[in-house]
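J.: If you scroll down you'll find the structure; I have some questions about it.
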Amino acid sequence: MQKVYLDNAATTPMHPEVIDAMADCMRNVYGNPSSTHVFGREAKAQMELSRKKIAEKLEVSPTEIIFTSCGTESNNFIIRSCVEHLGVQRIITSTLEHKCVKETTAEMENVRNIEVLRVGLDEWGSIDYEDLKTKLESSDKKTLVTLMHANNEIGNLLDVKRVQALCEENNALFHTDTVQTLGHYPLNLHELGIDFASCSAHKLHGPKGAGFAYVKKSIQFKPQITGGGQERNLRSGTENVYGIVGMAKAFEMSINDLEAHRAHIEGLKKYTIEQLKEAIPGVSFNGLSADLEKSLYTVLNIRLPFYNSLIGFELELKGIAVSQGSACSSGAAKVSAVIESILTPEQIENTTPIRVSFSCYNTREDIDRLVSVLKQISEKHLVSA
Ligand code: PLP
């Protein structure tokens, strides 16, 4: 059976060149980067070269890149450090953030008594910029705004320039979770004036277990993990040298091939929308995901016009992997918090959301297979309804 992988927002297959770079590093560069002998110095050199490569591609300073283990850790590090080391007393965020931001801000609210405000959303799941402005202007407390650049489920893109301008006017710090966008968009963090951003290598054809936090040079954090003083004493622990080497290779490839990959993937997304509209009467799309200008080009959140909590399972039986929220104990999928935030209870009862997410490795044949299987499932439902 032809297997189709359409869950690239969850993770991406590694580029063969990334695997080669990592394998070479594993074989030949096994020293501890903190050791002073030649083996250690070699490992340290590989790591710093990787940092330099990433920084060059992002047009930032290497000292602004702090290696971590993943996007979750990067976001935790930034939010916790803002509260613990920069005196942030208020956080403005949204209900659509990834759990690693949502739960961390909730902890700041419940355990550390930080005031947390959640901005209003429109029916498409986009943030209400006027509400953000009002909230920012409503207090002089030291504030951090944390809003994701692109939503991983419905793909909505944030107007980062607009948010940055509002933060600057109101003297607030600005963190944006760029896990789904760094390496996919030509982001110039200095020009945008963002204070903090985050990256995860496995979202851009790199290895799992490697990520980084971008922290603007002028901002002084203290360590969250203490011990050996690695990462300029910001994150102790022996570094994941081959993961970092793989991440740098993946990042470099993503930026070098960005326009070609974007054109290919955008073409696939447009094709998917057209084919689905033709095959399934009443199909629609959640959030702004069908708006090619206003959404992440790698994500499409399909709203099927019937309820089927086992659709992920049915697609899997046909060899197709997509995302359908988290599974509950019966094997059926629970509606995600993001979908719950933007749909009415009636829409939730009568439709089925599925997220398909593309990469440069997907083809039109993958889409034809997806659409054909979804058409069969839909016809079965419409007949039995
Ligand atoms: N932020 C967003 C927007 C994500 O999509 C993800 C992963 O799905 C994360 C953070 C967490 O990244 P990681 O899997 O590297 O911890």
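In the structure tokens, chains take the letters A, B, ... in the order shown, each chain's residues start at 1, and ligands count up from 1 in the order shown.
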Which neighbours of segment 43-55 of chain A fall inside 10 Å, counting only C-alpha atoms, when residues of the same chain fewer than 3 positions from it are skipped, and could you give them as JSON, numbers by chain?

T.: {"A": [25, 28, 29, 30, 31, 32, 33, 34, 35, 36, 38, 39, 40, 58, 59, 60, 61, 62, 63, 64, 65, 66, 67, 183, 212, 214, 239, 240, 241, 242, 243, 244, 245, 246, 247, 248, 249, 250, 251, 252, 255]}

J.: Could you list the protein, DNA and RNA residues that have any atom within 10 Å of ligand 1, counting only C-alpha atoms and all ligand atoms, and write them as a ChimeraX atom specification?

T.: /A:8-11,68-76,96-101,147-153,155,176-181,198-203,207-212

J.: Just the number, please: distance in Å from atom CA of Gln164 of chain A to atom CA of Gly193 of chain A, one decimal.

T.: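 These atoms are spaced 6.7 Å apart.
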
J.: Quick check, in Å to one decimal: how far apart do atom CA of Lys318 of chain A and atom CA of Pro13 of chain A lie?

T.: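 Answer for the atom CA of Lys318 of chain A to atom CA of Pro13 of chain A separation: 20.1 Å.
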
J.: Excluding same-chain residues fewer than 4 positions from segment 120-126 of chain A, what lies within 7 Å of it counting only C-alpha atoms, as a PyMOL selection string?

T.: chain A and resi 131+156+287-288+342

J.: Which residues are close to Thr105 of chain A, i.e. within 8 Å by only C-alpha atoms, leaving aside same-chain residues fewer than 2 positions away? Reply as a compact mmCIF listing (two decimals) with N, CA and C atoms, in the first residue's frame.

T.:
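The resulting file, around-v4.txt, is reproduced below:
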```txt
# COMPACT_ATOMS: atom_id res chain seq x y z
N ILE A 79 9.99 32.29 28.50
CA ILE A 79 8.91 32.82 29.34
C ILE A 79 9.31 32.81 30.82
N ILE A 91 1.66 39.11 31.60
CA ILE A 91 1.86 38.44 30.30
C ILE A 91 0.58 38.58 29.49
N VAL A 101 3.56 26.95 25.62
CA VAL A 101 3.41 28.36 26.00
C VAL A 101 2.21 28.51 26.92
N LYS A 102 1.14 27.83 26.53
CA LYS A 102 -0.11 27.95 27.29
C LYS A 102 0.05 27.47 28.73
N GLU A 103 0.67 26.30 28.89
CA GLU A 103 0.81 25.76 30.25
C GLU A 103 1.84 26.54 31.05
N GLU A 107 1.04 28.49 34.46
CA GLU A 107 1.80 28.26 35.70
C GLU A 107 2.28 29.60 36.29
N MET A 108 2.71 30.50 35.41
CA MET A 108 3.14 31.82 35.90
C MET A 108 1.98 32.52 36.60
N GLU A 109 0.77 32.31 36.06
CA GLU A 109 -0.43 32.94 36.62
C GLU A 109 -0.80 32.28 37.96
N VAL A 116 -2.08 37.39 33.92
CA VAL A 116 -2.06 36.89 32.54
C VAL A 116 -3.37 37.29 31.86
```

J.: Just the number, please: distance in Å from atom CA of Glu115 of chain A to atom CA of Glu340 of chain A, one decimal.

T.: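 Rounded to one decimal, the two atoms are 24.1 Å apart.
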
J.: For the strand (DSSP E) assignment from backbone DSSP, which residues of segment 209-261 of chain A qualify? Please present them as a PDB file with C-alpha atoms, in the first residue's frame.

T.:
```
ATOM      1  CA  GLY A 211      16.464  23.509  18.971  1.00  0.00           C
ATOM      2  CA  PHE A 212      17.442  27.040  19.869  1.00  0.00           C
ATOM      3  CA  ALA A 213      16.138  30.167  21.507  1.00  0.00           C
ATOM      4  CA  TYR A 214      16.837  33.549  19.967  1.00  0.00           C
ATOM      5  CA  VAL A 215      17.396  36.131  22.691  1.00  0.00           C
TER       6      VAL A 215
END
```

J.: Write down as JSON, numbers by chain the residues of segment 74-214 of chain A whose backbone DSSP state falls under helix (DSSP H, G or I).

T.: {"A": [74, 75, 76, 77, 78, 79, 80, 81, 82, 83, 84, 85, 86, 99, 100, 101, 102, 103, 104, 105, 106, 107, 108, 109, 110, 129, 130, 131, 132, 133, 134, 135, 136, 137, 160, 161, 162, 163, 164, 165, 166, 167, 168, 169, 189, 190, 191, 192, 201, 202, 203, 204]}
